[in-house]
file start.txt (compact mmCIF, C-alpha atoms)
# COMPACT_ATOMS: atom_id res chain seq x y z
CA MET A 1 20.61 -32.15 -10.54
CA ALA A 2 22.07 -29.49 -12.80
CA ILE A 3 20.48 -26.80 -10.66
CA GLU A 4 21.85 -28.38 -7.51
CA ILE A 5 25.34 -28.29 -8.95
CA LEU A 6 24.89 -24.65 -9.87
CA THR A 7 23.73 -23.82 -6.34
CA ILE A 8 26.74 -25.58 -4.89
CA LEU A 9 29.10 -23.73 -7.21
CA GLU A 10 27.46 -20.46 -6.30
CA LYS A 11 27.88 -21.21 -2.60
CA GLY A 12 31.52 -22.03 -3.26
CA ILE A 13 31.97 -18.47 -4.53
CA TRP A 14 30.44 -17.15 -1.31
CA PHE A 15 32.77 -19.32 0.73
CA GLY A 16 35.61 -17.64 -1.11
CA PHE A 17 34.32 -14.16 -0.27
CA ALA A 18 33.85 -15.06 3.39
CA ALA A 19 37.45 -16.30 3.48
CA LEU A 20 38.61 -13.11 1.76
CA GLY A 21 36.89 -10.92 4.34
CA PHE A 22 38.66 -12.66 7.19
CA ALA A 23 41.94 -12.56 5.32
CA VAL A 24 41.69 -8.77 5.18
CA LEU A 25 40.66 -8.61 8.83
CA PHE A 26 43.78 -10.60 9.76
CA ASN A 27 45.96 -8.42 7.52
CA VAL A 28 47.09 -11.16 5.17
CA PRO A 29 49.67 -9.86 2.64
CA GLN A 30 48.19 -8.69 -0.65
CA ARG A 31 49.97 -11.27 -2.79
CA ALA A 32 48.19 -14.05 -0.86
CA LEU A 33 44.62 -12.74 -1.05
CA LEU A 34 43.63 -14.39 -4.35
CA VAL A 35 45.04 -17.70 -3.15
CA VAL A 36 43.03 -17.43 0.07
CA TRP A 37 39.89 -16.87 -1.99
CA LEU A 38 40.60 -19.96 -4.11
CA ILE A 39 41.50 -22.18 -1.16
CA GLY A 40 38.44 -21.06 0.79
CA ALA A 41 36.18 -21.79 -2.17
CA ALA A 42 37.81 -25.19 -2.78
CA GLY A 43 37.41 -26.23 0.85
CA GLY A 44 33.80 -25.06 0.94
CA LEU A 45 32.98 -26.89 -2.29
CA THR A 46 34.46 -30.11 -0.95
CA LYS A 47 32.32 -29.85 2.15
CA LEU A 48 29.14 -29.11 0.21
CA LEU A 49 29.74 -31.88 -2.34
CA LEU A 50 30.31 -34.46 0.38
CA MET A 51 27.19 -33.34 2.15
CA GLN A 52 25.33 -33.73 -1.15
CA PHE A 53 26.38 -37.39 -1.07
CA ASN A 54 25.03 -37.77 2.46
CA ALA A 55 28.32 -37.77 4.32
CA GLY A 56 27.66 -36.31 7.78
CA ILE A 57 28.45 -32.66 8.33
CA VAL A 58 31.35 -33.53 10.64
CA VAL A 59 33.04 -35.81 8.11
CA ALA A 60 32.39 -33.35 5.29
CA THR A 61 33.89 -30.53 7.33
CA PHE A 62 36.92 -32.63 8.18
CA ALA A 63 37.49 -33.40 4.50
CA GLY A 64 37.10 -29.75 3.51
CA ALA A 65 39.45 -28.61 6.26
CA SER A 66 42.04 -31.24 5.33
CA LEU A 67 41.97 -30.09 1.71
CA ILE A 68 42.46 -26.53 2.93
CA GLY A 69 45.37 -27.66 5.09
CA ILE A 70 47.07 -29.48 2.21
CA LEU A 71 46.51 -26.67 -0.30
CA SER A 72 47.83 -24.15 2.25
CA VAL A 73 51.06 -26.06 2.58
CA TYR A 74 51.49 -25.97 -1.22
CA ALA A 75 50.55 -22.31 -1.35
CA ALA A 76 53.09 -21.64 1.39
CA HIS A 77 55.80 -23.14 -0.77
CA ASN A 78 54.84 -21.01 -3.74
CA LYS A 79 54.10 -17.70 -2.07
CA HIS A 80 56.77 -17.80 0.65
CA ALA A 81 54.44 -17.32 3.60
CA PRO A 82 53.69 -19.67 6.51
CA PRO A 83 50.79 -22.07 5.84
CA LEU A 84 48.62 -20.66 8.61
CA VAL A 85 48.38 -17.38 6.71
CA PHE A 86 46.33 -19.25 4.11
CA SER A 87 44.58 -21.88 6.16
CA ILE A 88 43.06 -19.88 9.02
CA PRO A 89 41.06 -17.35 6.93
CA SER A 90 39.93 -20.20 4.67
CA VAL A 91 38.48 -22.39 7.41
CA VAL A 92 36.75 -19.64 9.37
CA PRO A 93 33.73 -19.67 6.97
CA MET A 94 33.18 -23.32 7.88
CA ILE A 95 32.82 -22.57 11.58
CA PRO A 96 29.36 -23.79 12.62
CA GLY A 97 27.94 -20.41 13.54
CA VAL A 98 24.32 -21.35 13.15
CA PHE A 99 24.57 -24.42 15.37
CA ALA A 100 26.38 -22.41 18.02
CA TYR A 101 23.70 -19.75 17.71
CA ARG A 102 20.89 -22.29 18.13
CA MET A 103 22.63 -23.84 21.11
CA MET A 104 22.91 -20.41 22.68
CA LEU A 105 19.22 -19.76 22.06
CA GLY A 106 18.43 -23.11 23.66
CA LEU A 107 20.52 -22.31 26.74
CA ILE A 108 18.83 -18.94 27.13
CA LYS A 109 15.46 -20.63 26.80
CA LEU A 110 16.38 -23.33 29.32
CA SER A 111 17.43 -20.79 31.90
CA GLY A 112 14.00 -19.21 31.63
CA THR A 113 11.59 -22.19 31.53
CA ALA A 114 10.33 -24.16 34.51
CA LEU A 115 11.58 -27.71 34.96
CA THR A 116 8.04 -29.05 34.95
CA SER A 117 6.98 -27.51 31.66
CA ASP A 118 6.40 -29.85 28.72
CA SER A 119 8.87 -28.27 26.36
CA TYR A 120 11.77 -28.49 28.82
CA PHE A 121 13.10 -31.88 27.80
CA GLN A 122 12.62 -31.26 24.13
CA THR A 123 14.64 -28.06 24.48
CA ILE A 124 17.34 -29.98 26.34
CA ALA A 125 17.51 -32.56 23.55
CA GLU A 126 17.72 -29.92 20.82
CA THR A 127 20.29 -27.86 22.71
CA THR A 128 22.49 -30.87 23.41
CA GLY A 129 22.31 -31.91 19.76
CA ASN A 130 23.26 -28.47 18.49
CA GLY A 131 26.00 -28.10 21.09
CA LEU A 132 27.57 -31.45 20.26
CA LYS A 133 27.47 -30.66 16.54
CA THR A 134 29.19 -27.34 17.23
CA ILE A 135 31.95 -28.94 19.26
CA PHE A 136 32.60 -31.82 16.88
CA ILE A 137 32.61 -29.60 13.79
CA LEU A 138 35.09 -27.28 15.51
CA LEU A 139 37.33 -30.21 16.40
CA ALA A 140 37.10 -31.56 12.84
CA LEU A 141 38.04 -28.13 11.47
CA ALA A 142 41.04 -27.64 13.71
CA ALA A 143 42.29 -31.19 13.30
CA GLY A 144 41.79 -31.12 9.55
CA VAL A 145 43.87 -27.98 9.22
CA ALA A 146 46.52 -28.86 11.77
CA ILE A 147 47.38 -32.37 10.62
CA PRO A 148 48.68 -31.49 7.10
CA MET A 149 50.74 -28.69 8.64
CA LEU A 150 52.28 -31.03 11.21
CA ILE A 151 53.07 -33.65 8.57
CA SER A 152 54.63 -31.10 6.26
CA ARG A 153 56.72 -29.60 9.03
CA LYS A 154 58.57 -32.90 9.36
CA GLU A 155 59.31 -32.75 5.65
CA THR A 156 60.61 -29.23 6.02
CA ILE A 157 63.10 -30.33 8.63
CA LYS A 158 64.28 -33.11 6.34
CA ASN A 159 64.74 -30.62 3.54
CA ILE A 160 66.82 -28.41 5.78
CA ARG A 161 69.10 -31.27 6.71
CA HIS A 162 69.57 -32.81 3.31
CA LYS A 163 69.14 -30.02 0.80
CA SER A 164 70.45 -27.01 2.56
CA ASP A 165 70.82 -25.11 -0.70
CA SER A 166 67.08 -24.76 -1.33
CA PHE A 167 65.79 -22.94 1.75
CA LEU A 168 63.29 -20.80 -0.01
CA ASP A 169 61.59 -23.78 -1.63
CA THR A 170 60.71 -25.24 1.72
CA GLN A 171 58.77 -22.41 3.24
CA MET B 1 66.22 -8.66 19.23
CA LEU B 2 65.25 -12.35 19.49
CA LEU B 3 62.74 -11.32 22.16
CA ASP B 4 61.28 -8.84 19.70
CA VAL B 5 60.87 -11.56 17.09
CA GLY B 6 59.29 -13.99 19.53
CA THR B 7 56.88 -11.63 21.23
CA LEU B 8 55.78 -10.08 17.94
CA LEU B 9 55.08 -13.50 16.45
CA MET B 10 53.24 -14.68 19.54
CA SER B 11 50.96 -11.66 19.66
CA SER B 12 50.16 -11.56 15.96
CA GLY B 13 48.79 -15.06 15.83
CA ALA B 14 51.56 -17.61 15.29
CA SER B 15 51.43 -20.97 17.04
CA THR B 16 53.87 -21.73 19.83
CA GLY B 17 55.76 -24.21 17.69
CA ARG B 18 56.28 -21.60 14.98
CA VAL B 19 57.62 -19.06 17.47
CA ARG B 20 60.12 -21.59 18.75
CA THR B 21 61.24 -22.69 15.26
CA THR B 22 61.66 -19.18 13.98
CA VAL B 23 63.59 -17.86 16.98
CA ASN B 24 65.83 -20.94 16.95
CA ARG B 25 66.44 -20.54 13.24
CA ILE B 26 67.56 -16.93 13.55
CA ALA B 27 69.69 -17.62 16.62
CA GLU B 28 71.44 -20.55 14.97
CA ALA B 29 72.21 -18.52 11.88
CA LEU B 30 73.84 -15.87 14.07
CA GLY B 31 75.86 -18.51 15.87
CA TYR B 32 74.08 -18.72 19.23
CA ASP B 33 72.29 -21.44 21.16
CA VAL B 34 68.94 -20.44 22.54
CA GLU B 35 66.50 -21.99 25.02
CA LEU B 36 62.97 -20.63 25.19
CA LEU B 37 60.14 -20.55 27.68
CA ILE B 38 57.05 -19.47 25.82
CA THR B 39 53.86 -18.53 27.62
CA SER B 40 50.93 -16.63 26.26
CA ARG B 41 51.73 -13.35 28.01
CA SER B 42 55.51 -13.37 28.14
CA LEU B 43 58.59 -14.86 26.58
CA MET B 44 61.78 -15.87 28.38
CA LEU B 45 64.98 -16.91 26.71
CA THR B 46 68.55 -17.77 27.49
CA VAL B 47 71.13 -17.18 24.78
CA THR B 48 74.40 -19.08 24.98
CA GLU B 49 77.36 -18.43 22.73
CA GLU B 50 78.39 -21.50 20.84
CA ASN B 51 81.66 -22.00 22.73
CA GLY B 52 79.55 -22.11 25.90
CA THR B 53 81.29 -19.45 27.95
CA ASP B 54 78.93 -16.48 27.81
CA TYR B 55 75.21 -16.47 28.32
CA THR B 56 72.43 -13.96 28.94
CA SER B 57 68.82 -14.41 30.02
CA SER B 58 65.96 -12.08 29.47
CA VAL B 59 62.19 -11.89 29.83
CA ARG B 60 59.78 -9.79 27.81
CA ARG B 61 56.07 -9.26 28.09
CA THR B 62 54.05 -10.07 24.97
CA PRO B 63 52.35 -6.93 23.66
CA PRO B 64 48.58 -7.21 23.28
CA HIS B 65 48.38 -6.67 19.50
CA GLY B 66 45.69 -7.97 17.21
CA VAL B 67 46.15 -10.72 14.67
CA ASN B 68 48.53 -9.61 11.93
CA PHE B 69 49.50 -12.23 9.39
CA LYS B 70 51.54 -9.78 7.36
CA LEU B 71 53.93 -9.69 10.30
CA VAL B 72 53.97 -13.47 10.76
CA SER B 73 54.77 -14.04 7.12
CA GLY B 74 57.27 -11.18 7.01
CA ILE B 75 59.23 -12.50 9.98
CA SER B 76 59.19 -16.00 8.54
CA ARG B 77 60.76 -14.73 5.31
CA LEU B 78 63.19 -12.66 7.34
CA SER B 79 64.36 -15.74 9.22
CA TRP B 80 65.22 -17.45 5.94
CA ARG B 81 67.03 -14.38 4.72
CA VAL B 82 69.10 -14.36 7.91
CA ILE B 83 70.43 -17.79 6.97
CA GLU B 84 70.77 -17.15 3.24
CA ASP B 85 72.16 -13.65 3.08
CA LYS B 86 73.95 -13.68 6.47
CA LEU B 87 72.24 -10.51 7.67
CA THR B 88 73.84 -8.70 10.59
CA ILE B 89 71.92 -7.99 13.78
CA GLU B 90 71.58 -4.37 12.75
CA GLN B 91 70.03 -5.29 9.42
CA ILE B 92 67.62 -7.64 11.16
CA ASN B 93 66.57 -4.91 13.58
CA GLN B 94 65.96 -2.57 10.69
CA ASP B 95 63.87 -5.16 8.95
CA ILE B 96 61.77 -5.79 12.06
CA ASN B 97 61.13 -2.08 12.38
CA ARG B 98 60.09 -1.96 8.74
CA LEU B 99 57.75 -4.91 9.25
CA THR B 100 56.06 -3.50 12.33
CA SER B 101 55.41 -0.19 10.59
CA LEU B 102 53.85 -1.81 7.51
CA PRO B 103 50.37 -0.39 7.05
CA HIS B 104 47.19 -2.36 7.57
CA TYR B 105 44.57 -2.32 4.86
CA PRO B 106 42.61 0.94 4.67
CA ARG B 107 39.81 0.94 7.20
CA LEU B 108 37.02 1.26 4.66
CA VAL B 109 38.36 -1.70 2.68
CA VAL B 110 38.48 -3.84 5.81
CA LEU B 111 34.98 -2.82 6.87
CA SER B 112 33.47 -3.46 3.43
CA LEU B 113 35.18 -6.77 2.81
CA VAL B 114 34.37 -8.12 6.28
CA ALA B 115 30.78 -6.98 5.76
CA LEU B 116 30.82 -8.84 2.44
CA ALA B 117 32.09 -11.89 4.33
CA GLY B 118 29.15 -11.51 6.73
CA ALA B 119 26.75 -11.39 3.79
CA SER B 120 28.45 -14.51 2.38
CA PHE B 121 27.83 -16.30 5.66
CA CYS B 122 24.19 -15.36 5.45
CA ARG B 123 23.98 -16.71 1.90
CA LEU B 124 25.68 -19.95 2.93
CA PHE B 125 23.17 -20.55 5.68
CA GLY B 126 20.28 -20.02 3.29
CA GLY B 127 19.56 -16.28 3.40
CA GLU B 128 18.24 -14.42 0.35
CA GLY B 129 18.62 -10.93 -1.11
CA LEU B 130 17.24 -8.76 1.67
CA GLU B 131 18.80 -10.73 4.51
CA LEU B 132 22.15 -10.44 2.77
CA ALA B 133 21.81 -6.65 2.77
CA VAL B 134 20.79 -6.62 6.45
CA THR B 135 23.77 -8.79 7.42
CA PHE B 136 26.08 -6.58 5.38
CA ILE B 137 24.97 -3.46 7.24
CA ALA B 138 24.94 -5.16 10.64
CA THR B 139 28.45 -6.55 10.18
CA PHE B 140 29.74 -3.22 8.88
CA PHE B 141 28.57 -1.34 11.96
CA GLY B 142 29.44 -4.15 14.36
CA LEU B 143 33.04 -4.17 13.20
CA PHE B 144 33.15 -0.38 13.24
CA ILE B 145 32.04 -0.40 16.89
CA ARG B 146 34.62 -3.03 17.76
CA GLN B 147 37.44 -1.02 16.15
CA GLU B 148 36.32 2.10 17.99
CA ALA B 149 36.09 0.26 21.32
CA ILE B 150 39.58 -1.16 20.87
CA LYS B 151 40.89 2.29 19.96
CA LYS B 152 39.39 3.66 23.18
CA GLN B 153 41.22 0.84 25.00
CA PHE B 154 38.27 -1.01 26.38
CA ASN B 155 38.83 -4.54 27.57
CA PRO B 156 39.01 -6.64 24.36
CA TYR B 157 36.24 -8.97 25.51
CA LEU B 158 34.03 -6.00 26.30
CA ALA B 159 34.73 -4.68 22.80
CA ILE B 160 33.38 -7.95 21.43
CA VAL B 161 30.26 -7.67 23.59
CA PHE B 162 29.66 -4.14 22.24
CA ALA B 163 30.19 -5.24 18.64
CA SER B 164 27.99 -8.29 18.95
CA PHE B 165 25.30 -6.19 20.64
CA ALA B 166 25.41 -3.53 17.92
CA ALA B 167 25.33 -6.06 15.08
CA SER B 168 22.47 -8.05 16.54
CA MET B 169 20.51 -4.89 17.38
CA ILE B 170 20.60 -3.98 13.67
CA ALA B 171 19.85 -7.50 12.47
CA GLY B 172 17.24 -7.95 15.21
CA LEU B 173 15.39 -4.92 13.91
CA SER B 174 14.81 -6.77 10.65
CA VAL B 175 13.40 -9.74 12.56
CA LYS B 176 11.12 -7.43 14.52
CA LEU B 177 9.89 -5.68 11.38
CA GLY B 178 9.70 -8.93 9.41
CA ILE B 179 11.96 -7.84 6.55
CA GLY B 180 12.68 -10.67 4.12
CA ASP B 181 11.52 -14.29 4.24
CA SER B 182 13.74 -15.66 6.97
CA PRO B 183 15.23 -12.73 8.91
CA GLU B 184 16.48 -14.99 11.71
CA HIS B 185 19.27 -16.04 9.31
CA ALA B 186 20.41 -12.44 9.31
CA LEU B 187 20.39 -12.32 13.12
CA GLY B 188 22.29 -15.58 13.45
CA THR B 189 24.97 -14.70 10.93
CA SER B 190 25.42 -11.03 11.73
CA VAL B 191 27.71 -11.80 14.68
CA LEU B 192 29.81 -14.44 12.92
CA PHE B 193 32.54 -11.98 11.95
CA LEU B 194 33.55 -11.94 15.63
CA ILE B 195 34.29 -15.68 15.76
CA PRO B 196 37.63 -16.32 17.49
CA GLY B 197 38.97 -18.46 14.66
CA VAL B 198 42.65 -17.77 15.25
CA PRO B 199 42.71 -18.60 18.99
CA LEU B 200 40.65 -21.75 18.54
CA ILE B 201 42.72 -23.16 15.67
CA ASN B 202 46.04 -22.15 17.21
CA SER B 203 44.84 -23.71 20.44
CA LEU B 204 44.42 -27.09 18.78
CA THR B 205 47.68 -26.75 16.86
CA ASP B 206 49.47 -26.07 20.16
CA LEU B 207 47.74 -28.99 21.89
CA ILE B 208 48.69 -31.42 19.11
CA ASP B 209 52.22 -30.04 19.16
CA GLY B 210 52.56 -30.82 22.86
CA ASN B 211 52.45 -27.19 24.01
CA THR B 212 49.54 -28.17 26.22
CA LEU B 213 49.59 -25.18 28.53
CA ASN B 214 49.57 -22.59 25.74
CA GLY B 215 46.94 -24.61 23.95
CA ILE B 216 44.66 -24.52 26.98
CA VAL B 217 45.25 -20.81 27.51
CA ARG B 218 44.35 -20.05 23.91
CA GLY B 219 41.34 -22.33 24.03
CA VAL B 220 40.00 -20.65 27.16
CA ASN B 221 40.65 -17.29 25.54
CA GLY B 222 38.64 -18.38 22.50
CA PHE B 223 35.77 -19.58 24.66
CA ILE B 224 35.59 -16.32 26.57
CA MET B 225 35.39 -14.53 23.22
CA ALA B 226 32.60 -16.85 22.10
CA PHE B 227 30.83 -16.20 25.37
CA ALA B 228 31.22 -12.45 24.87
CA ILE B 229 29.56 -12.78 21.45
CA ALA B 230 26.69 -14.70 22.99
CA LEU B 231 26.31 -12.14 25.76
CA GLY B 232 25.93 -9.26 23.32
CA LEU B 233 23.51 -11.30 21.23
CA MET B 234 21.48 -12.15 24.32
CA PHE B 235 21.16 -8.52 25.41
CA ALA B 236 19.85 -7.56 21.98
CA MET B 237 17.39 -10.44 21.90
CA LYS B 238 16.08 -9.68 25.37
CA ILE B 239 15.56 -6.06 24.35
CA TYR B 240 13.57 -7.07 21.28
CA GLY B 241 11.81 -9.77 23.29
CA LEU B 242 12.60 -12.50 20.77

call {"tool": "encode", "arguments": {"input": "start.txt", "output": "structure tokens"}}
result
Amino acid sequence: MAIEILTILEKGIWFGFAALGFAVLFNVPQRALLVVWLIGAAGGLTKLLLMQFNAGIVVATFAGASLIGILSVYAAHNKHAPPLVFSIPSVVPMIPGVFAYRMMLGLIKLSGTALTSDSYFQTIAETTGNGLKTIFILLALAAGVAIPMLISRKETIKNIRHKSDSFLDTQ
Amino acid sequence: MLLDVGTLLMSSGASTGRVRTTVNRIAEALGYDVELLITSRSLMLTVTEENGTDYTSSVRRTPPHGVNFKLVSGISRLSWRVIEDKLTIEQINQDINRLTSLPHYPRLVVLSLVALAGASFCRLFGGEGLELAVTFIATFFGLFIRQEAIKKQFNPYLAIVFASFAASMIAGLSVKLGIGDSPEHALGTSVLFLIPGVPLINSLTDLIDGNTLNGIVRGVNGFIMAFAIALGLMFAMKIYGL
């Protein structure tokens, strides 16, 4: 158990680095880079922990992405940058690249095998499974990130109307 | 000036809702009413003075820039400063010029950190020491090729095909030679740096926001990019006969 926890923590660090790489690719301002690393690692850890407790990968991803979305809104308040600056680089490491890759392999294989061959239907089953996982994880990611932003935007508007003296605190 | 703000935001990766909010915010602070038509390739707006007598309309094409969050965050701060400090139009123009000329990160830093991100991906999907190194190199050169292709003004999708092909050729070599315990991890993760994360997430944000048309456009854009990645990967795999 202790080793498992260590592995998860280690992977969290890698999640952070993956997020950092994308942050630099998207030209995120320097003052936000450390925060992106932390948020990316936190989101990744949430996902891995939930998967450790046998939550499905889709649910785990949704939870991780939601945490990223919420943390990004807070970070946006503190660092005076729009939330998407933090959230998009942080969720990119959770994109199901390997499932998409396997689905692609399956499609390539399908286009080359004869309908009558024995492996055809097994390949179809595997490809469909991987494809569906890809799509649902992507949806969970995008929804998880978008929903906290949409909720917080309503709050921002309220703040503008009622507390017009504290603009910089709201975004 | 408002067109500048809007088109810059749109092309550097802000969602449609954010473009609308920001342009409205600046216009209001300057004492104008503004109505916007935002599409993915162009922006149209009508500015009305608050007493309702004078109005102008204008259309501007959205420049095909890459994602640039420094710009998005800079313009967002600018829009608050317009309200707070009552900037004049001239000051705003100056600030926009300053923002657009802000430097990107040095190329070597970008290449190394994105390559590190590629290696992280490989680790996350279960790769070990050697595969990490392979992914690092493959990502480094893949991104280099993409930057070069964009500089030479190839079609952006074609640039992705080139990059994905280059990265998977390098990673595929390790599969062919059997370097490491599970080299297919390196092949699978070496193209991940090309993932169209910004279009896909902005697409969903737009769809949820009710900007259905822009959401669909961005989604389709993202899918073509994903397809371009797959195409490059497929070429490399066919060449190696995997």

call {"tool": "residues_around", "arguments": {"input": "start.txt", "residues": "Ala19 (chain A)", "least_positions_apart": "4", "cutoff": "12 Å", "atoms": "all atoms listed in the file", "output": "compact mmCIF listing (two decimals) with C-alpha atoms, in the coordinates of the input"}}
result
# COMPACT_ATOMS: atom_id res chain seq x y z
CA GLY A 12 31.52 -22.03 -3.26
CA ILE A 13 31.97 -18.47 -4.53
CA TRP A 14 30.44 -17.15 -1.31
CA PHE A 15 32.77 -19.32 0.73
CA ALA A 23 41.94 -12.56 5.32
CA VAL A 24 41.69 -8.77 5.18
CA LEU A 25 40.66 -8.61 8.83
CA PHE A 26 43.78 -10.60 9.76
CA VAL A 28 47.09 -11.16 5.17
CA ALA A 32 48.19 -14.05 -0.86
CA LEU A 33 44.62 -12.74 -1.05
CA LEU A 34 43.63 -14.39 -4.35
CA VAL A 35 45.04 -17.70 -3.15
CA VAL A 36 43.03 -17.43 0.07
CA TRP A 37 39.89 -16.87 -1.99
CA LEU A 38 40.60 -19.96 -4.11
CA ILE A 39 41.50 -22.18 -1.16
CA GLY A 40 38.44 -21.06 0.79
CA ALA A 41 36.18 -21.79 -2.17
CA ALA A 42 37.81 -25.19 -2.78
CA GLY A 43 37.41 -26.23 0.85
CA GLY A 44 33.80 -25.06 0.94
CA ILE A 68 42.46 -26.53 2.93
CA VAL A 85 48.38 -17.38 6.71
CA PHE A 86 46.33 -19.25 4.11
CA SER A 87 44.58 -21.88 6.16
CA ILE A 88 43.06 -19.88 9.02
CA PRO A 89 41.06 -17.35 6.93
CA SER A 90 39.93 -20.20 4.67
CA VAL A 91 38.48 -22.39 7.41
CA VAL A 92 36.75 -19.64 9.37
CA PRO A 93 33.73 -19.67 6.97
CA MET A 94 33.18 -23.32 7.88
CA ILE A 95 32.82 -22.57 11.58
CA LEU B 113 35.18 -6.77 2.81
CA VAL B 114 34.37 -8.12 6.28
CA ALA B 115 30.78 -6.98 5.76
CA LEU B 116 30.82 -8.84 2.44
CA ALA B 117 32.09 -11.89 4.33
CA GLY B 118 29.15 -11.51 6.73
CA ALA B 119 26.75 -11.39 3.79
CA SER B 120 28.45 -14.51 2.38
CA PHE B 121 27.83 -16.30 5.66
CA PHE B 193 32.54 -11.98 11.95
CA GLY B 197 38.97 -18.46 14.66

call {"tool": "residues_near_point", "arguments": {"input": "start.txt", "point": "(44.6, -27.7, 17.4)", "cutoff": "10 Å", "atoms": "all atoms listed in the file", "output": "PyMOL selection string"}}
result
(chain A and resi 138-147) or (chain B and resi 15+199-209+215+219)

call {"tool": "write_last_selection", "arguments": {"input": "start.txt", "atoms": "C-alpha atoms", "output": "CSV table (one decimal), in the frame of the given file"}}
result
chain,number,residue,atom,x,y,z
A,138,LEU,CA,35.1,-27.3,15.5
A,139,LEU,CA,37.3,-30.2,16.4
A,140,ALA,CA,37.1,-31.6,12.8
A,141,LEU,CA,38.0,-28.1,11.5
A,142,ALA,CA,41.0,-27.6,13.7
A,143,ALA,CA,42.3,-31.2,13.3
A,144,GLY,CA,41.8,-31.1,9.6
A,145,VAL,CA,43.9,-28.0,9.2
A,146,ALA,CA,46.5,-28.9,11.8
A,147,ILE,CA,47.4,-32.4,10.6
B,15,SER,CA,51.4,-21.0,17.0
B,199,PRO,CA,42.7,-18.6,19.0
B,200,LEU,CA,40.6,-21.8,18.5
B,201,ILE,CA,42.7,-23.2,15.7
B,202,ASN,CA,46.0,-22.2,17.2
B,203,SER,CA,44.8,-23.7,20.4
B,204,LEU,CA,44.4,-27.1,18.8
B,205,THR,CA,47.7,-26.8,16.9
B,206,ASP,CA,49.5,-26.1,20.2
B,207,LEU,CA,47.7,-29.0,21.9
B,208,ILE,CA,48.7,-31.4,19.1
B,209,ASP,CA,52.2,-30.0,19.2
B,215,GLY,CA,46.9,-24.6,24.0
B,219,GLY,CA,41.3,-22.3,24.0

call {"tool": "residues_around", "arguments": {"input": "start.txt", "residues": "Ala76 (chain A)", "least_positions_apart": "3", "cutoff": "10 Å", "atoms": "only C-alpha atoms", "output": "ChimeraX atom specification"}}
result
/A:32,70-73,79-87,169-171 /B:73

call {"tool": "atom_distance", "arguments": {"input": "start.txt", "atom1": "CA of Gly64 (chain A)", "atom2": "CA of Ala133 (chain B)"}}
result
27.7 Å

call {"tool": "residues_near_point", "arguments": {"input": "start.txt", "point": "(66.8, -10.0, 13.8)", "cutoff": "8 Å", "atoms": "only C-alpha atoms", "output": "PyMOL selection string"}}
result
chain B and resi 1-2+5+26+78-79+82+88-93+95-96

call {"tool": "decode", "arguments": {"input": "start.txt", "residues": "region 1-13 of chain B", "atoms": "N, CA and C atoms", "output": "PDB file, in the first residue's frame"}}
result
ATOM      1  N   MET B   1     -10.296  49.580 -32.963  1.00  0.00           N
ATOM      2  CA  MET B   1      -9.603  49.172 -31.740  1.00  0.00           C
ATOM      3  C   MET B   1     -10.327  47.999 -31.088  1.00  0.00           C
ATOM      4  N   LEU B   2     -11.673  48.098 -30.974  1.00  0.00           N
ATOM      5  CA  LEU B   2     -12.429  46.981 -30.403  1.00  0.00           C
ATOM      6  C   LEU B   2     -12.276  45.743 -31.274  1.00  0.00           C
ATOM      7  N   LEU B   3     -12.223  45.972 -32.611  1.00  0.00           N
ATOM      8  CA  LEU B   3     -12.017  44.836 -33.514  1.00  0.00           C
ATOM      9  C   LEU B   3     -10.690  44.165 -33.224  1.00  0.00           C
ATOM     10  N   ASP B   4      -9.660  44.997 -32.999  1.00  0.00           N
ATOM     11  CA  ASP B   4      -8.350  44.454 -32.642  1.00  0.00           C
ATOM     12  C   ASP B   4      -8.468  43.530 -31.442  1.00  0.00           C
ATOM     13  N   VAL B   5      -9.086  44.062 -30.389  1.00  0.00           N
ATOM     14  CA  VAL B   5      -9.226  43.283 -29.152  1.00  0.00           C
ATOM     15  C   VAL B   5      -9.909  41.960 -29.445  1.00  0.00           C
ATOM     16  N   GLY B   6     -11.055  42.040 -30.130  1.00  0.00           N
ATOM     17  CA  GLY B   6     -11.844  40.832 -30.372  1.00  0.00           C
ATOM     18  C   GLY B   6     -11.115  39.810 -31.212  1.00  0.00           C
ATOM     19  N   THR B   7     -10.536  40.262 -32.341  1.00  0.00           N
ATOM     20  CA  THR B   7      -9.907  39.285 -33.224  1.00  0.00           C
ATOM     21  C   THR B   7      -8.671  38.686 -32.572  1.00  0.00           C
ATOM     22  N   LEU B   8      -7.922  39.506 -31.836  1.00  0.00           N
ATOM     23  CA  LEU B   8      -6.743  38.967 -31.160  1.00  0.00           C
ATOM     24  C   LEU B   8      -7.139  37.895 -30.153  1.00  0.00           C
ATOM     25  N   LEU B   9      -8.177  38.195 -29.360  1.00  0.00           N
ATOM     26  CA  LEU B   9      -8.623  37.222 -28.362  1.00  0.00           C
ATOM     27  C   LEU B   9      -9.056  35.936 -29.043  1.00  0.00           C
ATOM     28  N   MET B  10      -9.865  36.093 -30.099  1.00  0.00           N
ATOM     29  CA  MET B  10     -10.426  34.921 -30.767  1.00  0.00           C
ATOM     30  C   MET B  10      -9.310  34.024 -31.296  1.00  0.00           C
ATOM     31  N   SER B  11      -8.276  34.644 -31.864  1.00  0.00           N
ATOM     32  CA  SER B  11      -7.255  33.810 -32.504  1.00  0.00           C
ATOM     33  C   SER B  11      -6.272  33.251 -31.493  1.00  0.00           C
ATOM     34  N   SER B  12      -6.168  33.860 -30.291  1.00  0.00           N
ATOM     35  CA  SER B  12      -5.177  33.301 -29.381  1.00  0.00           C
ATOM     36  C   SER B  12      -5.801  32.359 -28.365  1.00  0.00           C
ATOM     37  N   GLY B  13      -7.027  31.947 -28.591  1.00  0.00           N
ATOM     38  CA  GLY B  13      -7.550  30.826 -27.823  1.00  0.00           C
ATOM     39  C   GLY B  13      -8.515  31.181 -26.714  1.00  0.00           C
TER      40      GLY B  13
END
